[in-house]
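Novice: So here's input.txt, just compact mmCIF, C-alpha atoms and all ligand atoms:
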# COMPACT_ATOMS: atom_id res chain seq x y z
CA MET A 1 13.71 -31.28 17.75
CA SER A 2 9.94 -31.41 17.15
CA ALA A 3 8.42 -30.78 13.73
CA SER A 4 7.30 -27.31 14.82
CA ASP A 5 10.91 -26.34 15.65
CA GLU A 6 12.16 -27.14 12.19
CA PRO A 7 12.89 -24.04 10.16
CA LEU A 8 10.31 -23.39 7.46
CA PRO A 9 11.44 -23.43 3.85
CA GLU A 10 11.80 -19.92 2.43
CA ILE A 11 11.24 -18.72 -1.11
CA THR A 12 11.51 -15.40 -2.95
CA VAL A 13 8.81 -14.67 -5.48
CA VAL A 14 8.25 -11.86 -7.97
CA ALA A 15 4.76 -11.08 -9.24
CA GLY A 16 3.47 -8.56 -11.79
CA ILE A 17 0.82 -5.87 -11.44
CA ILE A 18 -0.20 -5.77 -15.11
CA ARG A 19 -2.84 -3.28 -16.33
CA ASP A 20 -4.58 -2.92 -19.65
CA GLY A 21 -5.60 0.36 -21.33
CA GLU A 22 -8.81 0.45 -19.24
CA GLY A 23 -6.95 0.04 -15.95
CA ARG A 24 -8.08 -3.57 -15.46
CA LEU A 25 -5.66 -5.95 -13.76
CA CYS A 26 -4.43 -9.24 -15.10
CA LEU A 27 -5.08 -12.09 -12.64
CA SER A 28 -4.55 -15.79 -13.06
CA ARG A 29 -5.81 -18.77 -11.08
CA ARG A 30 -3.32 -21.07 -9.45
CA PRO A 31 -3.59 -24.73 -10.45
CA GLU A 32 -5.34 -26.85 -7.80
CA HIS A 33 -2.34 -29.06 -7.09
CA LYS A 34 0.07 -26.19 -6.29
CA HIS A 35 0.71 -24.37 -3.00
CA GLN A 36 -2.30 -22.01 -2.47
CA GLY A 37 -3.99 -23.89 -5.33
CA GLY A 38 -7.32 -22.67 -6.74
CA LEU A 39 -6.77 -19.10 -5.52
CA TRP A 40 -6.30 -16.07 -7.76
CA GLU A 41 -2.86 -14.48 -8.00
CA PHE A 42 -0.79 -11.83 -9.69
CA PRO A 43 1.12 -13.84 -12.26
CA GLY A 44 4.74 -14.60 -11.40
CA GLY A 45 6.88 -17.15 -9.68
CA LYS A 46 10.05 -18.05 -7.87
CA VAL A 47 13.22 -16.04 -8.33
CA GLU A 48 16.17 -18.27 -9.19
CA PRO A 49 19.39 -17.98 -7.14
CA GLY A 50 21.37 -14.93 -8.26
CA GLU A 51 18.62 -13.76 -10.64
CA ALA A 52 17.68 -10.04 -10.66
CA LEU A 53 14.00 -9.35 -9.89
CA ASP A 54 13.33 -7.66 -13.25
CA VAL A 55 14.87 -10.58 -15.11
CA ALA A 56 12.90 -13.10 -13.06
CA LEU A 57 9.63 -11.26 -13.66
CA ALA A 58 10.22 -11.05 -17.42
CA ARG A 59 11.05 -14.77 -17.50
CA GLU A 60 8.00 -15.82 -15.44
CA LEU A 61 5.55 -13.64 -17.38
CA HIS A 62 6.89 -15.00 -20.62
CA GLU A 63 6.61 -18.60 -19.43
CA GLU A 64 3.16 -18.23 -17.85
CA LEU A 65 1.44 -15.61 -20.05
CA GLY A 66 3.49 -15.23 -23.22
CA LEU A 67 4.17 -11.54 -22.43
CA ASP A 68 7.31 -9.62 -23.38
CA VAL A 69 8.03 -7.29 -20.45
CA THR A 70 10.31 -4.36 -21.23
CA GLY A 71 9.74 -2.15 -18.16
CA CYS A 72 8.76 -2.63 -14.52
CA GLU A 73 9.10 -0.73 -11.22
CA PRO A 74 8.80 -1.78 -7.55
CA PHE A 75 5.19 -1.70 -6.26
CA MET A 76 5.48 -3.23 -2.80
CA THR A 77 7.08 -6.11 -0.93
CA VAL A 78 5.15 -8.44 1.36
CA ARG A 79 6.70 -10.99 3.69
CA HIS A 80 4.35 -13.72 4.84
CA ARG A 81 4.59 -16.89 6.86
CA TYR A 82 2.26 -19.66 5.75
CA PRO A 83 2.03 -22.70 8.08
CA ASP A 84 4.31 -24.61 5.70
CA LEU A 85 6.33 -21.88 3.93
CA LYS A 86 7.84 -18.41 4.33
CA VAL A 87 7.52 -16.21 1.25
CA THR A 88 8.97 -12.86 0.29
CA LEU A 89 6.76 -11.53 -2.46
CA HIS A 90 8.11 -8.68 -4.57
CA PHE A 91 5.22 -7.12 -6.45
CA ARG A 92 6.28 -5.02 -9.42
CA GLU A 93 4.23 -2.72 -11.61
CA VAL A 94 4.68 -3.74 -15.24
CA SER A 95 4.91 -0.42 -17.07
CA ARG A 96 5.72 -1.68 -20.59
CA TYR A 97 4.96 -4.98 -22.26
CA GLY A 98 4.14 -6.51 -25.61
CA GLY A 99 1.64 -9.25 -26.38
CA GLU A 100 -1.75 -10.25 -24.97
CA PRO A 101 -1.65 -12.39 -21.80
CA HIS A 102 -2.95 -15.92 -22.13
CA GLY A 103 -2.61 -18.97 -19.87
CA ARG A 104 0.28 -20.87 -21.42
CA GLU A 105 0.14 -23.47 -18.65
CA GLY A 106 -3.61 -24.03 -18.99
CA GLN A 107 -4.46 -21.70 -16.09
CA PRO A 108 -7.43 -19.30 -16.31
CA VAL A 109 -6.29 -15.69 -16.95
CA GLU A 110 -8.64 -12.69 -16.75
CA TRP A 111 -8.64 -8.91 -16.94
CA VAL A 112 -10.42 -7.79 -13.76
CA PRO A 113 -11.65 -4.21 -13.09
CA LEU A 114 -9.95 -2.69 -10.01
CA ALA A 115 -13.27 -2.44 -8.14
CA ASP A 116 -13.77 -6.23 -8.49
CA VAL A 117 -10.24 -7.30 -7.55
CA THR A 118 -11.00 -7.57 -3.83
CA GLU A 119 -13.93 -9.93 -4.59
CA ARG A 120 -11.49 -12.60 -5.73
CA ALA A 121 -10.12 -15.19 -3.32
CA PHE A 122 -6.36 -14.58 -2.96
CA PRO A 123 -3.66 -16.26 -0.87
CA ALA A 124 -3.43 -14.66 2.60
CA ALA A 125 -0.18 -12.86 1.73
CA ASN A 126 -2.02 -10.75 -0.85
CA ARG A 127 -4.18 -8.81 1.57
CA PRO A 128 -1.94 -5.69 1.76
CA VAL A 129 -1.48 -5.58 -2.00
CA ALA A 130 -5.23 -5.79 -2.67
CA LEU A 131 -5.68 -2.73 -0.43
CA ALA A 132 -2.66 -0.82 -1.75
CA LEU A 133 -4.11 -0.98 -5.26
CA ARG A 134 -6.88 1.32 -4.02
CA LEU A 135 -4.62 3.72 -2.10
CA PRO A 136 -2.67 6.80 -3.27
CA GLN A 137 1.09 6.49 -3.55
CA GLU A 138 1.55 9.89 -1.88
CA TRP A 139 -0.14 10.79 1.39
CA VAL A 140 -0.02 14.57 1.75
CA VAL A 141 -0.34 16.19 5.16
CA VAL A 142 -1.81 19.70 4.98
CA PRO A 143 0.84 22.14 6.29
CA GLU A 144 0.12 24.24 9.36
CA GLY A 145 -0.27 28.01 9.23
CA LEU A 146 -2.38 28.23 6.07
CA ASP A 147 -5.78 29.91 5.96
CA GLU A 148 -8.82 28.06 4.65
CA GLN A 149 -8.61 29.56 1.17
CA ALA A 150 -4.95 28.59 0.83
CA VAL A 151 -5.83 25.01 1.83
CA ILE A 152 -8.62 24.90 -0.77
CA THR A 153 -6.21 26.21 -3.44
CA GLY A 154 -3.75 23.45 -2.51
CA LEU A 155 -6.45 20.73 -2.50
CA GLU A 156 -7.49 21.82 -5.99
CA ARG A 157 -3.93 21.31 -7.23
CA LEU A 158 -3.39 17.84 -5.81
CA ASP A 159 -3.65 14.94 -8.25
CA PRO A 160 -6.42 12.52 -7.12
CA GLN A 161 -4.88 9.68 -9.13
CA ARG A 162 -1.61 9.78 -7.27
CA GLN A 163 -2.23 11.70 -4.05
CA GLY A 164 -4.44 11.50 -0.97
CA VAL A 165 -4.61 14.10 1.78
CA TYR A 166 -4.61 14.15 5.57
CA LEU A 167 -6.62 17.09 6.92
CA ARG A 168 -4.66 16.91 10.17
CA ASN A 169 -5.13 20.31 11.79
CA TRP A 170 -8.45 20.87 10.07
CA SER A 171 -10.00 17.66 11.34
CA GLN A 172 -12.09 19.53 13.88
CA GLY A 173 -13.64 22.96 13.53
CA PRO A 174 -16.01 24.71 11.18
CA SER A 175 -13.85 24.56 8.05
CA LEU A 176 -13.79 20.78 7.93
CA SER A 177 -17.11 20.33 6.11
CA ARG A 178 -16.08 22.79 3.40
CA LEU A 179 -12.65 21.16 2.92
CA ALA A 180 -14.18 17.67 2.90
CA ALA A 181 -16.67 18.82 0.25
CA VAL A 182 -13.80 20.04 -1.97
CA CYS A 183 -12.08 16.64 -1.59
CA ARG A 184 -15.25 14.68 -2.37
CA GLU A 185 -16.02 16.83 -5.37
CA ARG A 186 -12.52 16.29 -6.77
CA GLY A 187 -12.45 12.56 -5.98
CA LEU A 188 -9.47 13.26 -3.70
CA ARG A 189 -9.14 10.61 -0.99
CA PHE A 190 -8.95 12.27 2.44
CA TRP A 191 -8.23 11.18 6.01
CA ILE A 192 -9.61 12.76 9.19
CA ARG A 193 -7.86 12.60 12.56
CA ASP A 194 -9.09 10.41 15.43
CA ASP A 195 -12.84 11.15 15.32
CA MET A 196 -14.67 8.23 13.73
CA ALA A 197 -18.16 9.74 13.97
CA LEU A 198 -16.92 12.77 12.09
CA ALA A 199 -15.14 10.64 9.48
CA VAL A 200 -18.40 8.73 8.88
CA ARG A 201 -20.43 11.93 8.66
CA GLU A 202 -18.02 13.52 6.19
CA GLU A 203 -17.71 10.30 4.15
CA ALA A 204 -13.95 10.43 4.61
CA SER A 205 -11.90 7.83 2.76
CA GLY A 206 -9.95 7.22 5.92
CA LEU A 207 -9.59 7.71 9.65
CA HIS A 208 -6.05 8.37 10.86
CA LEU A 209 -5.31 7.55 14.48
CA SER A 210 -2.73 9.50 16.44
CA ARG A 211 -0.73 7.44 18.93
CA ARG A 212 -3.04 8.32 21.78
CA ALA A 213 -6.19 7.40 19.83
CA LEU A 214 -4.52 4.19 18.61
CA MET A 215 -3.84 3.08 22.17
CA ALA A 216 -7.41 3.90 23.26
CA ALA A 217 -9.27 2.45 20.24
CA SER A 218 -11.22 -0.81 20.23
CA ALA A 219 -11.41 -3.30 17.37
CA ALA A 220 -15.20 -3.53 17.68
CA GLU A 221 -15.60 0.20 17.20
CA LEU A 222 -13.13 0.47 14.29
CA GLY A 223 -14.75 -2.51 12.59
CA GLY A 224 -17.82 -0.36 11.97
CA PHE A 225 -15.90 2.08 9.75
CA ALA A 226 -16.22 1.46 6.02
CA GLY A 227 -13.15 3.52 5.05
CA VAL A 228 -9.46 2.80 5.55
CA VAL A 229 -8.16 3.14 9.11
CA SER A 230 -4.52 4.13 9.42
CA ALA A 231 -2.26 4.48 12.43
CA ALA A 232 0.65 6.79 13.24
CA CYS A 233 3.50 4.48 14.26
CA HIS A 234 7.00 5.26 15.55
CA ASP A 235 7.90 1.91 17.08
CA SER A 236 7.06 -1.77 17.18
CA ARG A 237 4.69 -1.31 20.10
CA ALA A 238 2.42 0.91 18.00
CA LEU A 239 2.65 -1.49 15.05
CA GLU A 240 1.70 -4.44 17.22
CA ARG A 241 -1.25 -2.45 18.52
CA ALA A 242 -2.33 -1.65 14.93
CA LEU A 243 -2.11 -5.35 14.03
CA ALA A 244 -4.10 -6.36 17.11
CA LEU A 245 -6.82 -3.91 16.08
CA ASP A 246 -6.80 -5.23 12.49
CA ILE A 247 -5.81 -1.79 11.17
CA PRO A 248 -4.57 -2.26 7.58
CA MET A 249 -2.42 0.88 7.05
CA ALA A 250 0.40 2.52 9.01
CA VAL A 251 2.29 5.77 8.55
CA VAL A 252 5.74 5.12 9.97
CA SER A 253 8.03 7.97 11.01
CA PRO A 254 10.48 9.62 11.15
CA VAL A 255 12.56 8.05 8.40
CA ALA A 256 14.92 11.04 8.14
CA ALA A 257 15.57 14.02 10.41
CA THR A 258 12.94 16.76 10.27
CA ALA A 259 12.96 20.41 11.29
CA THR A 260 9.69 19.91 13.20
CA HIS A 261 11.13 17.14 15.47
CA PRO A 262 14.88 17.90 15.79
CA ASP A 263 15.19 15.91 19.05
CA VAL A 264 13.85 12.61 17.64
CA VAL A 265 16.37 10.04 16.34
CA PRO A 266 15.37 9.12 12.78
CA LEU A 267 14.81 5.46 11.83
CA GLY A 268 16.83 5.59 8.62
CA TRP A 269 15.81 3.31 5.75
CA ASP A 270 17.29 0.23 7.43
CA GLY A 271 15.37 0.96 10.63
CA PHE A 272 12.22 1.48 8.58
CA ALA A 273 12.71 -1.84 6.80
CA ALA A 274 13.37 -3.67 10.08
CA LEU A 275 10.22 -2.23 11.65
CA THR A 276 7.93 -3.02 8.75
CA GLU A 277 9.30 -6.45 7.85
CA VAL A 278 6.98 -9.45 8.32
CA ARG A 279 4.05 -7.23 9.21
CA PRO A 280 1.18 -7.48 6.73
CA LEU A 281 0.24 -3.79 6.54
CA VAL A 282 0.32 -1.13 3.87
CA PHE A 283 3.13 1.18 4.96
CA TYR A 284 3.77 4.84 4.22
CA ALA A 285 7.18 6.30 5.02
CA LEU A 286 7.09 9.77 6.62
CA GLY A 287 9.67 12.26 7.85
CA GLY A 288 12.14 14.35 5.85
CA LEU A 289 11.09 12.80 2.50
CA SER A 290 9.99 14.11 -0.88
CA PRO A 291 7.94 12.48 -3.68
CA ASP A 292 11.26 11.52 -5.33
CA ASP A 293 11.88 9.03 -2.50
CA LEU A 294 9.08 6.69 -3.67
CA THR A 295 11.33 4.09 -5.29
CA THR A 296 13.69 4.00 -2.29
CA ALA A 297 10.69 3.70 0.02
CA ARG A 298 9.31 0.80 -2.01
CA GLU A 299 12.67 -0.92 -1.94
CA HIS A 300 12.50 -0.80 1.88
CA GLY A 301 9.03 -2.22 2.42
CA ALA A 302 6.81 0.84 2.00
CA TYR A 303 4.00 1.18 -0.49
CA GLY A 304 3.85 4.98 -0.36
CA VAL A 305 5.56 8.15 0.81
CA ALA A 306 4.05 10.81 3.07
CA GLY A 307 5.03 14.35 3.92
CA ILE A 308 4.08 17.95 4.42
CA ARG A 309 5.84 20.86 2.70
CA ALA A 310 7.74 18.85 0.09
CA PHE A 311 4.43 17.37 -1.11
CA TRP A 312 2.14 20.38 -0.86
CA PRO A 313 1.56 22.12 -4.20
CA GLY A 314 3.48 25.37 -4.42
CA VAL A 315 1.60 28.59 -5.00
CA ASP A 316 3.03 30.47 -7.97
N1 LIG B 1 2.81 -15.60 -8.37
C1 LIG B 1 2.26 -15.36 -7.18
N2 LIG B 1 2.56 -16.16 -6.11
C2 LIG B 1 1.95 -15.87 -4.95
C3 LIG B 1 1.04 -14.77 -4.81
N3 LIG B 1 0.61 -14.72 -3.52
C4 LIG B 1 1.22 -15.75 -2.86
O1 LIG B 1 1.10 -16.01 -1.68
N4 LIG B 1 2.03 -16.46 -3.73
C5 LIG B 1 2.82 -17.60 -3.32
C6 LIG B 1 2.24 -18.91 -3.77
C7 LIG B 1 3.48 -19.77 -3.98
O2 LIG B 1 3.85 -20.33 -2.74
C8 LIG B 1 4.54 -18.79 -4.41
C9 LIG B 1 4.70 -18.70 -5.92
O3 LIG B 1 5.27 -19.85 -6.37
P1 LIG B 1 4.87 -20.58 -7.76
O4 LIG B 1 4.52 -21.98 -7.44
O5 LIG B 1 3.87 -19.78 -8.52
O6 LIG B 1 6.26 -20.52 -8.47
P2 LIG B 1 6.54 -20.75 -10.00
O7 LIG B 1 5.61 -19.94 -10.83
O8 LIG B 1 8.02 -20.50 -10.14
O9 LIG B 1 6.09 -22.26 -10.23
P3 LIG B 1 6.92 -23.61 -10.33
O10 LIG B 1 7.87 -23.43 -11.47
O11 LIG B 1 7.58 -23.81 -9.01
O12 LIG B 1 5.84 -24.60 -10.60
O13 LIG B 1 4.12 -17.51 -3.90
C10 LIG B 1 0.73 -13.97 -5.94
O14 LIG B 1 -0.05 -13.02 -5.93
N5 LIG B 1 1.38 -14.31 -7.10
MG MG B 2 3.82 -19.01 -10.78
Let's see the structure in the file written out as structure tokens.
Specialist:
Amino acid sequence: MSASDEPLPEITVVAGIIRDGEGRLCLSRRPEHKHQGGLWEFPGGKVEPGEALDVALARELHEELGLDVTGCEPFMTVRHRYPDLKVTLHFREVSRYGGEPHGREGQPVEWVPLADVTERAFPAANRPVALALRLPQEWVVVPEGLDEQAVITGLERLDPQRQGVYLRNWSQGPSLSRLAAVCRERGLRFWIRDDMALAVREEASGLHLSRRALMAASAAELGGFAGVVSAACHDSRALERALALDIPMAVVSPVAATATHPDVVPLGWDGFAALTEVRPLVFYALGGLSPDDLTTAREHGAYGVAGIRAFWPGVD
């Protein structure tokens, strides 16, 4: 057996997304002599055998930063293969803690504004998490059959902190400019379908590629887009295509059965997890879900949930 055939060591790590009152993130710098030394990280460390993730995170953040963590929720999971090590990184949002973080092991610790986080040099596994921090946890597809005024009313009720919107059926046609203006004015992140020139012109936050556009796209062309490109994916072929094009976000469906596609076999959460595992993208789960499925989605490799009617603000 040659060295390259030997199985890589594998570790499970838990790391904290810790914010202060101004929304800045707590980052620390890894000591030079450690794996990925000198790079910035979300504080945390290895999970011990049989240890629950919450317990491991509280222990690590106490050891490394002197924090007392009393609440945390799943944020996202990234699986990454370094040349010398396979890591499963469970990132968790720290929702309640006491104390002020300080480097108890001599490591530099800083509060970094969200806009500056991507400037820091991170280990390669952190790429999806650095992007996810800037993305909404709910990706809302505008339902069909509404008139323009009803869409505007809905857009005005979405929460820009938590939600982004896909102007799917409105991506072409005369209403688009008016709807895009409402989104920009409200600071609501919005995606346009397939047409990159239009997405640039409307200053869209994102360009969402249907399967057909995904298969036809070129990396050179997409590289010129400053926003976030996402891809509609139903199978590993589409995901491989997205990876080859360096697309950072994928909307994977259908997780559950939907009325709109009764003939399609749903992935189920296990199928979703199998499809997304070991692929360094930011995933949204779509199909038969509601906003209440966020935690389940995050436990199966997604960062966010996507949907149509169950996410669209009701008109009362
Ligand atoms: N904490 C943390 N580790 C990360 C991140 N990104 C990333 O690739 N890693 C990798 C680097 C390491 O291989 C591994 C974390 O292991 P570690 O050496 O910090 O573990 P530990 O805190 O338990 O330290 P030790 O007791 O083994 O010295 O995960 C990240 O954002 N935060
Ligand atoms: Mg550590």
Novice: Calculated over all atoms listed in the file, which of the candidates A:Phe42, A:Phe91, A:Trp139, A:Phe190 has the smallest distance to Trp111 in chain A?
Specialist: A:Phe42
Novice: For Ser253 in chain A, work out the shell of residues within 8 Å, counting all atoms listed in the file and skipping chain neighbours fewer than 5 positions away, then give it as a VMD selection string.
Specialist: chain A and resid 232 to 234 266 to 267 285 to 287
Novice: Quick one: of A:Gly224, A:Gly45, A:Pro7, A:Gly154, who's nearest to ligand LIG 1 (chain B), counting all atoms listed in the file?
Specialist: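 Answer, going by the shortest atom-to-atom distance: A:Gly45.
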Novice: Could you give me, as a CSV table (one decimal) with C-alpha atoms, in the coordinates of the input, every polymer residue with an atom at most 9 Å away from an atom of ligand MG 2 (chain B), counting all atoms listed in the file?
Specialist:
chain,number,residue,atom,x,y,z
A,13,VAL,CA,8.8,-14.7,-5.5
A,14,VAL,CA,8.2,-11.9,-8.0
A,15,ALA,CA,4.8,-11.1,-9.2
A,30,ARG,CA,-3.3,-21.1,-9.4
A,41,GLU,CA,-2.9,-14.5,-8.0
A,42,PHE,CA,-0.8,-11.8,-9.7
A,43,PRO,CA,1.1,-13.8,-12.3
A,44,GLY,CA,4.7,-14.6,-11.4
A,45,GLY,CA,6.9,-17.2,-9.7
A,46,LYS,CA,10.0,-18.0,-7.9
A,60,GLU,CA,8.0,-15.8,-15.4
A,61,LEU,CA,5.6,-13.6,-17.4
A,64,GLU,CA,3.2,-18.2,-17.8
Novice: Determine the nearest neighbour of ligand LIG 1 (chain B) from the options A:Thr296, A:Thr77, A:Thr88, A:Gln172, counting only C-alpha atoms and all ligand atoms.
Specialist: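 Closest to ligand LIG 1 (chain B), using only C-alpha atoms and all ligand atoms: A:Thr88.
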Novice: What is the CA of Ala256 in chain A-CA of Val141 in chain A distance in Å, reported with one decimal?
Specialist: 16.4 Å
Novice: Pick from A:Cys72, A:Leu281, A:Ala124, A:Leu239: nearest to ligand LIG 1 (chain B), with all atoms listed in the file counted?
Specialist: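 Closest to ligand LIG 1 (chain B), using all atoms listed in the file: A:Ala124.
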Novice: Which residues of chain A sit at most 10 Å from ligand LIG 1 (chain B), using all atoms listed in the file? Give each one's shortest atom pair and distance in Å (one decimal place), in chain and ascending residue order, as a Markdown table.
Specialist:
| residue | atom | partner | partner_atom | distance |
| --- | --- | --- | --- | --- |
| A:Glu10 | CA | B:LIG1 | O2 | 9.5 |
| A:Ile11 | CA | B:LIG1 | C8 | 7.5 |
| A:Thr12 | CA | B:LIG1 | O13 | 7.7 |
| A:Val13 | CA | B:LIG1 | O13 | 5.7 |
| A:Val14 | CA | B:LIG1 | N1 | 6.6 |
| A:Ala15 | CA | B:LIG1 | N1 | 5.0 |
| A:Gly16 | CA | B:LIG1 | N5 | 7.7 |
| A:Ile17 | CA | B:LIG1 | O14 | 9.1 |
| A:Leu27 | CA | B:LIG1 | O14 | 8.4 |
| A:Ser28 | CA | B:LIG1 | N5 | 8.5 |
| A:Arg29 | CA | B:LIG1 | N5 | 9.4 |
| A:Arg30 | CA | B:LIG1 | O5 | 7.4 |
| A:Pro31 | CA | B:LIG1 | O4 | 9.1 |
| A:His33 | CA | B:LIG1 | O4 | 9.9 |
| A:Lys34 | CA | B:LIG1 | O4 | 6.2 |
| A:His35 | CA | B:LIG1 | O2 | 5.1 |
| A:Gln36 | CA | B:LIG1 | C6 | 5.6 |
| A:Gly37 | CA | B:LIG1 | C6 | 8.1 |
| A:Leu39 | CA | B:LIG1 | N3 | 8.8 |
| A:Trp40 | CA | B:LIG1 | O14 | 7.2 |
| A:Glu41 | CA | B:LIG1 | O14 | 3.8 |
| A:Phe42 | CA | B:LIG1 | O14 | 4.0 |
| A:Pro43 | CA | B:LIG1 | N1 | 4.6 |
| A:Gly44 | CA | B:LIG1 | N1 | 3.7 |
| A:Gly45 | CA | B:LIG1 | O7 | 3.3 |
| A:Lys46 | CA | B:LIG1 | O8 | 3.9 |
| A:Val47 | CA | B:LIG1 | O8 | 7.1 |
| A:Glu48 | CA | B:LIG1 | O8 | 8.5 |
| A:Ala56 | CA | B:LIG1 | O8 | 9.3 |
| A:Leu57 | CA | B:LIG1 | N1 | 9.7 |
| A:Arg59 | CA | B:LIG1 | O8 | 9.8 |
| A:Glu60 | CA | B:LIG1 | O7 | 6.6 |
| A:Leu61 | CA | B:LIG1 | O7 | 9.1 |
| A:Glu63 | CA | B:LIG1 | O7 | 8.8 |
| A:Glu64 | CA | B:LIG1 | O7 | 7.6 |
| A:Val78 | CA | B:LIG1 | O1 | 9.1 |
| A:Arg79 | CA | B:LIG1 | O1 | 9.2 |
| A:His80 | CA | B:LIG1 | O1 | 7.6 |
| A:Arg81 | CA | B:LIG1 | O1 | 9.3 |
| A:Tyr82 | CA | B:LIG1 | O1 | 8.4 |
| A:Asp84 | CA | B:LIG1 | O2 | 9.5 |
| A:Leu85 | CA | B:LIG1 | O2 | 7.3 |
| A:Lys86 | CA | B:LIG1 | O2 | 8.3 |
| A:Val87 | CA | B:LIG1 | O13 | 6.3 |
| A:Thr88 | CA | B:LIG1 | O13 | 7.9 |
| A:Leu89 | CA | B:LIG1 | O13 | 6.7 |
| A:His90 | CA | B:LIG1 | N5 | 9.1 |
| A:Phe91 | CA | B:LIG1 | O14 | 7.9 |
| A:Glu105 | CA | B:LIG1 | O12 | 9.9 |
| A:Phe122 | CA | B:LIG1 | N3 | 7.0 |
| A:Pro123 | CA | B:LIG1 | O1 | 4.8 |
| A:Ala124 | CA | B:LIG1 | O1 | 6.4 |
| A:Ala125 | CA | B:LIG1 | O1 | 4.8 |
| A:Asn126 | CA | B:LIG1 | N3 | 5.5 |
| A:Arg127 | CA | B:LIG1 | N3 | 9.2 |
| A:Val129 | CA | B:LIG1 | O14 | 8.5 |
| A:Ala130 | CA | B:LIG1 | O14 | 9.5 |
Novice: Would you please work out which residue, of A:Ala180, A:Ala259, A:Ile247, A:Ala297, is nearest to Ala273 in chain A when using all atoms listed in the file?
Specialist: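 For Ala273 in chain A, the nearest of the candidates is A:Ala297.
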Novice: Please determine the residues with any atom at most 8 Å from (-10.1, -6.6, -0.9) (coordinates as given in the file, with only C-alpha atoms counting) and report them as a PyMOL selection string.
Specialist: chain A and resi 117-120+127+130-131
Novice: Enter the distance from CA of Val142 in chain A to CA of Arg168 in chain A, in Å, rounded to one decimal.
Specialist: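 Distance between the two atoms: 6.5 Å.
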